[in-house]
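Listing of structure_1.cif; format and content: mmCIF, C-alpha atoms and all ligand atoms.
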data_model
#
loop_
_atom_site.group_PDB
_atom_site.id
_atom_site.type_symbol
_atom_site.label_atom_id
_atom_site.label_comp_id
_atom_site.auth_asym_id
_atom_site.auth_seq_id
_atom_site.Cartn_x
_atom_site.Cartn_y
_atom_site.Cartn_z
ATOM 1 C CA MET H 1 0.000 0.000 0.000
ATOM 2 C CA GLU H 2 1.262 3.469 -0.838
ATOM 3 C CA VAL H 3 0.226 6.052 1.751
ATOM 4 C CA VAL H 4 0.596 9.614 0.487
ATOM 5 C CA PRO H 5 0.206 12.366 3.094
ATOM 6 C CA LEU H 6 -0.354 15.646 1.230
ATOM 7 C CA SER H 7 -0.577 19.257 2.347
ATOM 8 C CA SER H 8 -4.147 20.122 1.334
ATOM 9 C CA VAL H 9 -7.452 18.912 -0.089
ATOM 10 C CA GLU H 10 -6.505 20.655 -3.357
ATOM 11 C CA GLU H 11 -3.249 18.716 -3.605
ATOM 12 C CA VAL H 12 -5.130 15.448 -3.013
ATOM 13 C CA ALA H 13 -7.639 16.352 -5.738
ATOM 14 C CA GLY H 14 -4.877 17.305 -8.188
ATOM 15 C CA LEU H 15 -2.977 14.054 -7.706
ATOM 16 C CA ALA H 16 -6.115 11.905 -7.907
ATOM 17 C CA ALA H 17 -7.140 13.724 -11.098
ATOM 18 C CA ASP H 18 -3.644 13.127 -12.527
ATOM 19 C CA ALA H 19 -3.961 9.388 -11.856
ATOM 20 C CA ILE H 20 -7.368 9.216 -13.559
ATOM 21 C CA GLU H 21 -6.228 11.256 -16.557
ATOM 22 C CA ASP H 22 -3.013 9.215 -16.933
ATOM 23 C CA LEU H 23 -5.116 6.058 -17.079
ATOM 24 C CA VAL H 24 -7.547 7.473 -19.665
ATOM 25 C CA ARG H 25 -4.672 8.758 -21.821
ATOM 26 C CA SER H 26 -2.988 5.368 -21.843
ATOM 27 C CA ARG H 27 -6.258 3.438 -22.165
ATOM 28 C CA PRO H 28 -9.059 5.538 -23.740
ATOM 29 C CA SER H 29 -11.608 2.740 -23.188
ATOM 30 C CA ALA H 30 -10.712 2.367 -19.518
ATOM 31 C CA VAL H 31 -13.252 1.090 -17.008
ATOM 32 C CA LEU H 32 -13.378 3.706 -14.264
ATOM 33 C CA GLY H 33 -14.824 2.787 -10.890
ATOM 34 C CA LEU H 34 -16.471 5.795 -9.273
ATOM 35 C CA ALA H 35 -17.357 6.491 -5.645
ATOM 36 C CA THR H 36 -19.963 8.952 -4.451
ATOM 37 C CA GLY H 37 -19.954 10.769 -1.107
ATOM 38 C CA SER H 38 -18.191 14.052 -0.433
ATOM 39 C CA SER H 39 -14.545 12.857 -0.390
ATOM 40 C CA PRO H 40 -14.058 12.537 -4.177
ATOM 41 C CA LEU H 41 -15.948 15.750 -5.030
ATOM 42 C CA PRO H 42 -12.877 18.056 -5.209
ATOM 43 C CA THR H 43 -11.240 15.479 -7.520
ATOM 44 C CA TYR H 44 -14.321 15.367 -9.733
ATOM 45 C CA ARG H 45 -14.443 19.174 -9.837
ATOM 46 C CA GLU H 46 -10.775 19.235 -10.854
ATOM 47 C CA LEU H 47 -11.427 16.720 -13.657
ATOM 48 C CA VAL H 48 -14.333 18.855 -14.906
ATOM 49 C CA ARG H 49 -12.224 22.026 -14.696
ATOM 50 C CA ARG H 50 -9.458 20.434 -16.816
ATOM 51 C CA HIS H 51 -12.048 19.089 -19.279
ATOM 52 C CA ARG H 52 -13.482 22.613 -19.721
ATOM 53 C CA ASP H 53 -9.928 23.983 -20.081
ATOM 54 C CA GLY H 54 -9.421 21.628 -23.007
ATOM 55 C CA SER H 55 -6.396 20.000 -21.381
ATOM 56 C CA ALA H 56 -8.103 16.697 -20.491
ATOM 57 C CA PRO H 57 -8.136 13.462 -22.503
ATOM 58 C CA SER H 58 -11.364 12.435 -24.235
ATOM 59 C CA TYR H 59 -13.754 10.451 -22.063
ATOM 60 C CA ALA H 60 -15.927 9.385 -25.011
ATOM 61 C CA ASP H 61 -14.861 5.722 -24.822
ATOM 62 C CA VAL H 62 -14.587 5.404 -21.041
ATOM 63 C CA VAL H 63 -17.019 3.148 -19.190
ATOM 64 C CA CYS H 64 -17.968 4.075 -15.609
ATOM 65 C CA VAL H 65 -19.182 1.714 -12.911
ATOM 66 C CA LEU H 66 -20.500 2.818 -9.543
ATOM 67 C CA LEU H 67 -19.563 1.198 -6.257
ATOM 68 C CA ASP H 68 -22.985 1.232 -4.707
ATOM 69 C CA GLU H 69 -26.565 2.506 -4.794
ATOM 70 C CA TYR H 70 -29.422 3.128 -2.376
ATOM 71 C CA VAL H 71 -32.447 0.831 -2.480
ATOM 72 C CA GLY H 72 -35.935 2.279 -2.130
ATOM 73 C CA LEU H 73 -35.509 5.820 -3.459
ATOM 74 C CA PRO H 74 -37.753 7.007 -6.311
ATOM 75 C CA PRO H 75 -35.844 6.570 -9.622
ATOM 76 C CA ASP H 76 -35.490 10.337 -10.099
ATOM 77 C CA HIS H 77 -34.397 11.093 -6.507
ATOM 78 C CA PRO H 78 -31.467 13.579 -6.583
ATOM 79 C CA GLN H 79 -29.560 11.645 -3.892
ATOM 80 C CA GLY H 80 -29.648 8.385 -5.838
ATOM 81 C CA TYR H 81 -26.012 7.628 -6.690
ATOM 82 C CA ARG H 82 -26.720 7.378 -10.417
ATOM 83 C CA ALA H 83 -28.207 10.877 -10.391
ATOM 84 C CA THR H 84 -25.400 12.131 -8.140
ATOM 85 C CA ILE H 85 -22.560 10.918 -10.337
ATOM 86 C CA ALA H 86 -24.245 12.284 -13.479
ATOM 87 C CA ARG H 87 -24.645 15.687 -11.805
ATOM 88 C CA GLU H 88 -21.181 15.808 -10.220
ATOM 89 C CA LEU H 89 -19.061 14.289 -12.978
ATOM 90 C CA THR H 90 -20.089 12.201 -15.923
ATOM 91 C CA ASP H 91 -22.506 14.624 -17.635
ATOM 92 C CA ALA H 92 -19.919 17.402 -17.412
ATOM 93 C CA LEU H 93 -17.239 15.132 -18.923
ATOM 94 C CA GLY H 94 -19.563 14.310 -21.825
ATOM 95 C CA ILE H 95 -19.868 10.630 -20.903
ATOM 96 C CA ASP H 96 -22.966 9.017 -22.424
ATOM 97 C CA PRO H 97 -25.329 7.922 -19.579
ATOM 98 C CA ALA H 98 -25.540 4.522 -21.306
ATOM 99 C CA ARG H 99 -21.853 4.053 -20.444
ATOM 100 C CA VAL H 100 -22.429 4.637 -16.715
ATOM 101 C CA HIS H 101 -23.509 1.567 -14.748
ATOM 102 C CA ALA H 102 -24.757 0.933 -11.212
ATOM 103 C CA PRO H 103 -26.386 -1.989 -9.420
ATOM 104 C CA ASP H 104 -30.119 -1.906 -10.227
ATOM 105 C CA PRO H 105 -32.122 -0.914 -7.125
ATOM 106 C CA ALA H 106 -35.381 -1.871 -8.861
ATOM 107 C CA ASP H 107 -34.441 -5.548 -8.581
ATOM 108 C CA PRO H 108 -32.327 -5.898 -5.436
ATOM 109 C CA GLN H 109 -32.725 -9.671 -5.350
ATOM 110 C CA ARG H 110 -31.010 -10.197 -8.710
ATOM 111 C CA ALA H 111 -28.982 -7.007 -8.975
ATOM 112 C CA GLY H 112 -25.863 -8.346 -7.258
ATOM 113 C CA ALA H 113 -25.307 -11.303 -9.573
ATOM 114 C CA ALA H 114 -26.258 -9.188 -12.613
ATOM 115 C CA TYR H 115 -23.715 -6.515 -11.656
ATOM 116 C CA GLU H 116 -20.976 -9.095 -11.133
ATOM 117 C CA ARG H 117 -21.717 -10.468 -14.632
ATOM 118 C CA LEU H 118 -21.509 -6.959 -16.071
ATOM 119 C CA LEU H 119 -18.154 -6.272 -14.399
ATOM 120 C CA THR H 120 -16.804 -9.534 -15.811
ATOM 121 C CA GLU H 121 -18.112 -8.695 -19.311
ATOM 122 C CA LEU H 122 -16.431 -5.293 -19.111
ATOM 123 C CA GLY H 123 -13.129 -6.998 -18.332
ATOM 124 C CA GLY H 124 -12.892 -5.618 -14.775
ATOM 125 C CA VAL H 125 -12.319 -2.193 -13.309
ATOM 126 C CA ASP H 126 -9.005 -0.504 -14.175
ATOM 127 C CA LEU H 127 -9.018 2.128 -11.443
ATOM 128 C CA GLN H 128 -11.431 2.278 -8.524
ATOM 129 C CA VAL H 129 -11.910 5.578 -6.676
ATOM 130 C CA LEU H 130 -12.811 4.965 -3.024
ATOM 131 C CA GLY H 131 -13.796 6.938 0.056
ATOM 132 C CA ILE H 132 -13.894 5.598 3.591
ATOM 133 C CA GLY H 133 -16.716 5.764 6.127
ATOM 134 C CA SER H 134 -16.091 7.064 9.635
ATOM 135 C CA ASP H 135 -16.668 3.478 10.836
ATOM 136 C CA GLY H 136 -14.146 2.125 8.307
ATOM 137 C CA HIS H 137 -16.732 1.089 5.727
ATOM 138 C CA LEU H 138 -15.737 0.795 2.104
ATOM 139 C CA ALA H 139 -18.462 1.453 -0.480
ATOM 140 C CA PHE H 140 -21.407 0.321 1.657
ATOM 141 C CA ASN H 141 -19.624 -2.670 3.175
ATOM 142 C CA GLU H 142 -20.308 -2.087 6.837
ATOM 143 C CA PRO H 143 -18.217 -3.613 9.672
ATOM 144 C CA GLY H 144 -18.736 -7.367 9.662
ATOM 145 C CA SER H 145 -18.797 -7.630 5.852
ATOM 146 C CA SER H 146 -16.992 -10.676 4.520
ATOM 147 C CA LEU H 147 -13.598 -9.799 3.086
ATOM 148 C CA ALA H 148 -14.547 -12.065 0.149
ATOM 149 C CA SER H 149 -18.014 -10.559 -0.391
ATOM 150 C CA ARG H 150 -19.494 -9.835 -3.835
ATOM 151 C CA THR H 151 -22.134 -7.306 -4.906
ATOM 152 C CA ARG H 152 -25.244 -7.742 -2.771
ATOM 153 C CA ILE H 153 -27.825 -5.999 -0.610
ATOM 154 C CA LYS H 154 -26.662 -4.605 2.760
ATOM 155 C CA THR H 155 -28.329 -2.866 5.711
ATOM 156 C CA LEU H 156 -26.741 0.429 6.752
ATOM 157 C CA THR H 157 -25.677 0.986 10.351
ATOM 158 C CA GLU H 158 -27.266 3.807 12.337
ATOM 159 C CA ARG H 159 -23.903 5.602 12.227
ATOM 160 C CA THR H 160 -23.726 5.565 8.429
ATOM 161 C CA ARG H 161 -27.345 6.668 8.151
ATOM 162 C CA ALA H 162 -26.569 9.531 10.552
ATOM 163 C CA ASP H 163 -23.396 10.436 8.569
ATOM 164 C CA ASN H 164 -25.375 10.515 5.319
ATOM 165 C CA ALA H 165 -28.373 12.381 6.754
ATOM 166 C CA ARG H 166 -26.743 15.634 5.579
ATOM 167 C CA PHE H 167 -27.617 14.667 2.003
ATOM 168 C CA PHE H 168 -31.274 14.067 2.911
ATOM 169 C CA GLY H 169 -33.839 16.012 4.954
ATOM 170 C CA SER H 170 -33.274 13.914 8.081
ATOM 171 C CA VAL H 171 -31.886 10.558 9.134
ATOM 172 C CA ASP H 172 -35.367 9.073 8.711
ATOM 173 C CA ASP H 173 -35.149 9.828 4.990
ATOM 174 C CA VAL H 174 -31.880 7.896 4.531
ATOM 175 C CA PRO H 175 -32.667 4.472 3.079
ATOM 176 C CA ARG H 176 -31.967 1.466 5.274
ATOM 177 C CA HIS H 177 -30.967 -0.823 2.416
ATOM 178 C CA VAL H 178 -28.319 -0.452 -0.276
ATOM 179 C CA LEU H 179 -26.660 -2.465 -3.011
ATOM 180 C CA THR H 180 -22.881 -2.462 -2.866
ATOM 181 C CA GLN H 181 -19.934 -4.035 -4.586
ATOM 182 C CA GLY H 182 -18.457 -6.525 -2.147
ATOM 183 C CA LEU H 183 -14.968 -6.292 -0.692
ATOM 184 C CA GLY H 184 -13.922 -9.189 -2.920
ATOM 185 C CA THR H 185 -15.368 -7.339 -5.914
ATOM 186 C CA ILE H 186 -13.417 -4.191 -5.041
ATOM 187 C CA LEU H 187 -10.206 -6.204 -4.644
ATOM 188 C CA ASP H 188 -10.544 -7.335 -8.288
ATOM 189 C CA ALA H 189 -9.914 -3.784 -9.592
ATOM 190 C CA GLY H 190 -6.475 -3.086 -11.046
ATOM 191 C CA HIS H 191 -5.715 -0.013 -8.930
ATOM 192 C CA LEU H 192 -7.471 1.164 -5.765
ATOM 193 C CA LEU H 193 -7.325 4.906 -5.088
ATOM 194 C CA LEU H 194 -8.644 5.826 -1.636
ATOM 195 C CA ILE H 195 -9.263 9.508 -0.898
ATOM 196 C CA ALA H 196 -9.721 10.737 2.701
ATOM 197 C CA THR H 197 -9.701 14.408 3.600
ATOM 198 C CA ASP H 198 -11.440 15.101 6.861
ATOM 199 C CA VAL H 199 -10.499 14.916 10.528
ATOM 200 C CA GLY H 200 -13.552 12.718 11.069
ATOM 201 C CA LYS H 201 -11.767 10.066 8.992
ATOM 202 C CA ALA H 202 -8.442 10.042 10.904
ATOM 203 C CA GLY H 203 -9.342 7.080 13.137
ATOM 204 C CA ALA H 204 -10.770 5.013 10.282
ATOM 205 C CA VAL H 205 -7.721 5.785 8.091
ATOM 206 C CA ALA H 206 -5.322 4.659 10.845
ATOM 207 C CA ALA H 207 -7.297 1.439 11.330
ATOM 208 C CA CYS H 208 -7.388 0.837 7.563
ATOM 209 C CA VAL H 209 -3.679 1.433 6.987
ATOM 210 C CA GLU H 210 -2.013 0.321 10.228
ATOM 211 C CA GLY H 211 -4.563 -1.881 12.019
ATOM 212 C CA PRO H 212 -5.169 -5.589 11.523
ATOM 213 C CA VAL H 213 -6.943 -6.847 8.409
ATOM 214 C CA THR H 214 -10.389 -7.437 9.804
ATOM 215 C CA SER H 215 -14.009 -7.371 8.742
ATOM 216 C CA GLN H 216 -14.530 -4.954 11.668
ATOM 217 C CA CYS H 217 -12.688 -2.355 9.557
ATOM 218 C CA PRO H 218 -13.741 -3.250 5.999
ATOM 219 C CA ALA H 219 -11.305 -0.739 4.462
ATOM 220 C CA SER H 220 -8.393 -2.718 5.969
ATOM 221 C CA VAL H 221 -8.938 -5.110 3.051
ATOM 222 C CA LEU H 222 -6.820 -2.651 1.035
ATOM 223 C CA GLN H 223 -3.803 -4.217 2.731
ATOM 224 C CA LEU H 224 -4.447 -7.341 0.626
ATOM 225 C CA HIS H 225 -4.329 -5.466 -2.684
ATOM 226 C CA PRO H 226 -1.056 -5.271 -4.655
ATOM 227 C CA HIS H 227 -1.726 -1.736 -5.930
ATOM 228 C CA ALA H 228 -3.561 0.426 -3.413
ATOM 229 C CA THR H 229 -2.887 4.154 -3.027
ATOM 230 C CA VAL H 230 -4.185 6.202 -0.091
ATOM 231 C CA LEU H 231 -4.256 9.978 -0.622
ATOM 232 C CA LEU H 232 -4.655 11.991 2.584
ATOM 233 C CA ASP H 233 -4.901 15.600 3.632
ATOM 234 C CA PRO H 234 -3.222 16.524 6.953
ATOM 235 C CA SER H 235 -6.365 16.081 9.054
ATOM 236 C CA ALA H 236 -7.138 12.583 7.737
ATOM 237 C CA ALA H 237 -3.488 11.548 8.243
ATOM 238 C CA ALA H 238 -3.327 12.833 11.821
ATOM 239 C CA ASP H 239 -3.609 9.473 13.630
ATOM 240 C CA LEU H 240 -1.025 7.551 11.571
ATOM 241 C CA SER H 241 1.958 6.410 13.610
ATOM 242 C CA GLY H 242 4.120 5.943 10.506
ATOM 243 C CA LEU H 243 3.430 9.424 9.122
ATOM 244 C CA ALA H 244 7.063 10.577 8.996
ATOM 245 C CA TYR H 245 8.061 7.429 7.098
ATOM 246 C CA TYR H 246 5.200 7.763 4.558
ATOM 247 C CA ARG H 247 6.305 11.356 3.915
ATOM 248 C CA GLU H 248 9.907 10.246 3.440
ATOM 249 C CA VAL H 249 8.893 7.456 1.037
ATOM 250 C CA TYR H 250 6.816 9.841 -1.080
ATOM 251 C CA ALA H 251 9.504 12.549 -1.129
ATOM 252 C CA ALA H 252 12.098 9.994 -2.267
ATOM 253 C CA LYS H 253 9.818 8.315 -4.839
ATOM 254 C CA PRO H 254 11.700 7.606 -8.072
ATOM 255 C CA SER H 255 10.480 9.903 -10.854
ATOM 256 C CA TRP H 256 9.717 6.910 -13.113
ATOM 257 C CA GLN H 257 7.387 5.404 -10.550
ATOM 258 C CA HIS H 258 3.835 6.699 -10.968
ATOM 259 C CA LEU H 259 1.055 6.389 -8.417
HETATM 260 C C1 LIG B 1 -20.753 6.671 1.766
HETATM 261 C C2 LIG B 1 -20.531 5.920 0.434
HETATM 262 C C3 LIG B 1 -19.099 5.507 0.292
HETATM 263 C C4 LIG B 1 -18.258 6.679 0.748
HETATM 264 C C5 LIG B 1 -18.362 6.826 2.233
HETATM 265 C C6 LIG B 1 -17.751 8.104 2.770
HETATM 266 O O1 LIG B 1 -21.803 6.252 2.513
HETATM 267 N N1 LIG B 1 -21.364 4.814 0.176
HETATM 268 O O2 LIG B 1 -18.817 5.119 -1.039
HETATM 269 O O3 LIG B 1 -16.913 6.459 0.425
HETATM 270 O O4 LIG B 1 -19.683 6.630 2.667
HETATM 271 O O5 LIG B 1 -18.525 9.211 2.412
HETATM 272 P P1 LIG B 1 -17.997 10.701 2.437
HETATM 273 O O6 LIG B 1 -16.922 10.785 1.418
HETATM 274 O O7 LIG B 1 -19.165 11.548 2.110
HETATM 275 O O8 LIG B 1 -17.487 10.934 3.807
#

Rewrite the structure from the file as structure tokens, please.
Amino acid sequence: MEVVPLSSVEEVAGLAADAIEDLVRSRPSAVLGLATGSSPLPTYRELVRRHRDGSAPSYADVVCVLLDEYVGLPPDHPQGYRATIARELTDALGIDPARVHAPDPADPQRAGAAYERLLTELGGVDLQVLGIGSDGHLAFNEPGSSLASRTRIKTLTERTRADNARFFGSVDDVPRHVLTQGLGTILDAGHLLLIATDVGKAGAVAACVEGPVTSQCPASVLQLHPHATVLLDPSAAADLSGLAYYREVYAAKPSWQHL
């Protein structure tokens, strides 16, 4: 795992955007795994800014797959993750909505297996953007999720529903059920790019990076992946005991070695 402590949210967003653009330049038909939530938003805004500048690669042939989706919202609900990602990123990058996929909340019983088939047909995810929940959840894999899990329905914890209440009127409006890629599904992606930029994430980041690999901290599964990058602003990095070493490693990184 490469842990990259950076000086600001802007620096995190710039580096994450570089990694995504580098991939799309080298593989125009890349399969891009997208996360929702607030952590990736500065990165998405940076990608849109570069696209409007004219300096970005073409996204016309990219395919996007979402990590997760709420179950039980009306199809046109603005907080549905499909609607969110279209609004925050893919529409602005000119990506055809038909090339953006998510687990189907209209058929939660079959959606998991169908989504796994789709990911296989697409040839797998090249780069997966990830956030982390304050309880260490990854996508919507709450503590206790099998480290080998595949896309399926999950029940949110009260803590996650409370965390996400800011996107809804109140916690009562946050759905109880979701569909989420499993931890095993996420591990199949070629490159995992975790973004954490808030002091509320410091404990979860430390558990993910330096704690034991355990289903009690689902994000710790990143330790099993051969190419996982963790981009942190100072507040999210605050609880890491190896911080000085991670800084030294990044400062001394060979110029030929990309993220
Ligand atoms: C949400 C999403 C995750 C996200 C995480 C953190 O509930 N399902 O994909 O990474 O929780 O969200 P945020 O970035 O808003 O803190």

Determine the residue membership of the PyMOL selection byres (((not hetatm)) within 7 of (chain B and resi 1)) for the file above and supply it as number ranges by chain.
H: 35-40, 67-68, 130-133, 137-140, 160, 164

Interatomic distance, CA of Leu32 in chain H to CA of Ile20 in chain H (Å, one decimal):
8.2 Å

Residue IDs satisfying the PyMOL selection byres (((chain H and resi 93-97) around 12) and not hetatm), as a VMD selection string:
chain H and resid 21 29 32 44 to 54 56 to 65 82 to 83 85 to 92 98 to 102

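Evaluated against the shown file, the PyMOL selection byres (((chain H and resi 184) around 8) and not hetatm) gives Leu147, Ala148, Ser149, Arg150, Gly182, Leu183, Thr185, Ile186, Leu187 and Asp188 of chain H.
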
Between H:His258, H:Arg176, H:Arg25, H:His227, which one has atoms that come closest to Gln128 in chain H, using only C-alpha atoms?
H:His227

Kindly output range 140-150 of chain H as a PDB file, in the frame of the given file, after building all heavy atoms.
ATOM      1  N   PHE H 140     -20.457   0.442   0.554  1.00  0.00           N
ATOM      2  CA  PHE H 140     -21.407   0.321   1.657  1.00  0.00           C
ATOM      3  C   PHE H 140     -21.193  -1.000   2.393  1.00  0.00           C
ATOM      4  O   PHE H 140     -22.133  -1.573   2.954  1.00  0.00           O
ATOM      5  CB  PHE H 140     -22.839   0.444   1.158  1.00  0.00           C
ATOM      6  CG  PHE H 140     -23.375   1.865   1.146  1.00  0.00           C
ATOM      7  CD1 PHE H 140     -24.104   2.336   0.059  1.00  0.00           C
ATOM      8  CD2 PHE H 140     -23.181   2.718   2.224  1.00  0.00           C
ATOM      9  CE1 PHE H 140     -24.622   3.633   0.048  1.00  0.00           C
ATOM     10  CE2 PHE H 140     -23.693   4.017   2.217  1.00  0.00           C
ATOM     11  CZ  PHE H 140     -24.409   4.475   1.130  1.00  0.00           C
ATOM     12  N   ASN H 141     -19.952  -1.472   2.399  1.00  0.00           N
ATOM     13  CA  ASN H 141     -19.624  -2.670   3.175  1.00  0.00           C
ATOM     14  C   ASN H 141     -19.385  -2.251   4.620  1.00  0.00           C
ATOM     15  O   ASN H 141     -18.333  -1.703   4.962  1.00  0.00           O
ATOM     16  CB  ASN H 141     -18.379  -3.351   2.602  1.00  0.00           C
ATOM     17  CG  ASN H 141     -18.624  -3.917   1.231  1.00  0.00           C
ATOM     18  OD1 ASN H 141     -19.210  -4.996   1.092  1.00  0.00           O
ATOM     19  ND2 ASN H 141     -18.205  -3.182   0.195  1.00  0.00           N
ATOM     20  N   GLU H 142     -20.387  -2.495   5.435  1.00  0.00           N
ATOM     21  CA  GLU H 142     -20.308  -2.087   6.837  1.00  0.00           C
ATOM     22  C   GLU H 142     -19.443  -3.076   7.628  1.00  0.00           C
ATOM     23  O   GLU H 142     -19.160  -4.187   7.148  1.00  0.00           O
ATOM     24  CB  GLU H 142     -21.725  -2.049   7.432  1.00  0.00           C
ATOM     25  CG  GLU H 142     -22.656  -1.020   6.791  1.00  0.00           C
ATOM     26  CD  GLU H 142     -22.352   0.418   7.252  1.00  0.00           C
ATOM     27  OE1 GLU H 142     -21.205   0.723   7.627  1.00  0.00           O
ATOM     28  OE2 GLU H 142     -23.295   1.243   7.219  1.00  0.00           O
ATOM     29  N   PRO H 143     -18.994  -2.677   8.844  1.00  0.00           N
ATOM     30  CA  PRO H 143     -18.217  -3.613   9.672  1.00  0.00           C
ATOM     31  C   PRO H 143     -18.930  -4.956   9.789  1.00  0.00           C
ATOM     32  O   PRO H 143     -20.150  -5.013  10.003  1.00  0.00           O
ATOM     33  CB  PRO H 143     -18.132  -2.883  11.014  1.00  0.00           C
ATOM     34  CG  PRO H 143     -18.153  -1.429  10.634  1.00  0.00           C
ATOM     35  CD  PRO H 143     -19.114  -1.347   9.477  1.00  0.00           C
ATOM     36  N   GLY H 144     -18.167  -6.016   9.639  1.00  0.00           N
ATOM     37  CA  GLY H 144     -18.736  -7.367   9.662  1.00  0.00           C
ATOM     38  C   GLY H 144     -18.880  -7.949   8.276  1.00  0.00           C
ATOM     39  O   GLY H 144     -19.132  -9.151   8.129  1.00  0.00           O
ATOM     40  N   SER H 145     -18.684  -7.117   7.226  1.00  0.00           N
ATOM     41  CA  SER H 145     -18.797  -7.630   5.852  1.00  0.00           C
ATOM     42  C   SER H 145     -17.674  -8.631   5.583  1.00  0.00           C
ATOM     43  O   SER H 145     -16.522  -8.397   5.964  1.00  0.00           O
ATOM     44  CB  SER H 145     -18.662  -6.475   4.849  1.00  0.00           C
ATOM     45  OG  SER H 145     -19.749  -5.592   4.943  1.00  0.00           O
ATOM     46  N   SER H 146     -18.016  -9.692   4.895  1.00  0.00           N
ATOM     47  CA  SER H 146     -16.992 -10.676   4.520  1.00  0.00           C
ATOM     48  C   SER H 146     -15.935 -10.019   3.646  1.00  0.00           C
ATOM     49  O   SER H 146     -16.243  -9.262   2.722  1.00  0.00           O
ATOM     50  CB  SER H 146     -17.646 -11.817   3.743  1.00  0.00           C
ATOM     51  OG  SER H 146     -16.659 -12.508   2.998  1.00  0.00           O
ATOM     52  N   LEU H 147     -14.687 -10.335   3.910  1.00  0.00           N
ATOM     53  CA  LEU H 147     -13.598  -9.799   3.086  1.00  0.00           C
ATOM     54  C   LEU H 147     -13.650 -10.371   1.669  1.00  0.00           C
ATOM     55  O   LEU H 147     -12.990  -9.857   0.775  1.00  0.00           O
ATOM     56  CB  LEU H 147     -12.241 -10.105   3.734  1.00  0.00           C
ATOM     57  CG  LEU H 147     -12.040  -9.571   5.161  1.00  0.00           C
ATOM     58  CD1 LEU H 147     -10.639  -9.906   5.669  1.00  0.00           C
ATOM     59  CD2 LEU H 147     -12.280  -8.068   5.242  1.00  0.00           C
ATOM     60  N   ALA H 148     -14.417 -11.445   1.473  1.00  0.00           N
ATOM     61  CA  ALA H 148     -14.547 -12.065   0.149  1.00  0.00           C
ATOM     62  C   ALA H 148     -15.886 -11.724  -0.504  1.00  0.00           C
ATOM     63  O   ALA H 148     -16.235 -12.302  -1.528  1.00  0.00           O
ATOM     64  CB  ALA H 148     -14.413 -13.582   0.280  1.00  0.00           C
ATOM     65  N   SER H 149     -16.641 -10.791   0.078  1.00  0.00           N
ATOM     66  CA  SER H 149     -18.014 -10.559  -0.391  1.00  0.00           C
ATOM     67  C   SER H 149     -18.071 -10.034  -1.821  1.00  0.00           C
ATOM     68  O   SER H 149     -17.141  -9.392  -2.307  1.00  0.00           O
ATOM     69  CB  SER H 149     -18.726  -9.575   0.557  1.00  0.00           C
ATOM     70  OG  SER H 149     -17.938  -8.420   0.783  1.00  0.00           O
ATOM     71  N   ARG H 150     -19.210 -10.326  -2.470  1.00  0.00           N
ATOM     72  CA  ARG H 150     -19.494  -9.835  -3.835  1.00  0.00           C
ATOM     73  C   ARG H 150     -20.683  -8.880  -3.751  1.00  0.00           C
ATOM     74  O   ARG H 150     -21.274  -8.689  -2.692  1.00  0.00           O
ATOM     75  CB  ARG H 150     -19.807 -11.004  -4.781  1.00  0.00           C
ATOM     76  CG  ARG H 150     -18.862 -12.182  -4.754  1.00  0.00           C
ATOM     77  CD  ARG H 150     -17.422 -11.872  -5.054  1.00  0.00           C
ATOM     78  NE  ARG H 150     -17.183 -11.228  -6.343  1.00  0.00           N
ATOM     79  CZ  ARG H 150     -15.965 -10.997  -6.848  1.00  0.00           C
ATOM     80  NH1 ARG H 150     -14.872 -11.368  -6.166  1.00  0.00           N
ATOM     81  NH2 ARG H 150     -15.823 -10.393  -8.003  1.00  0.00           N
TER      82      ARG H 150
END
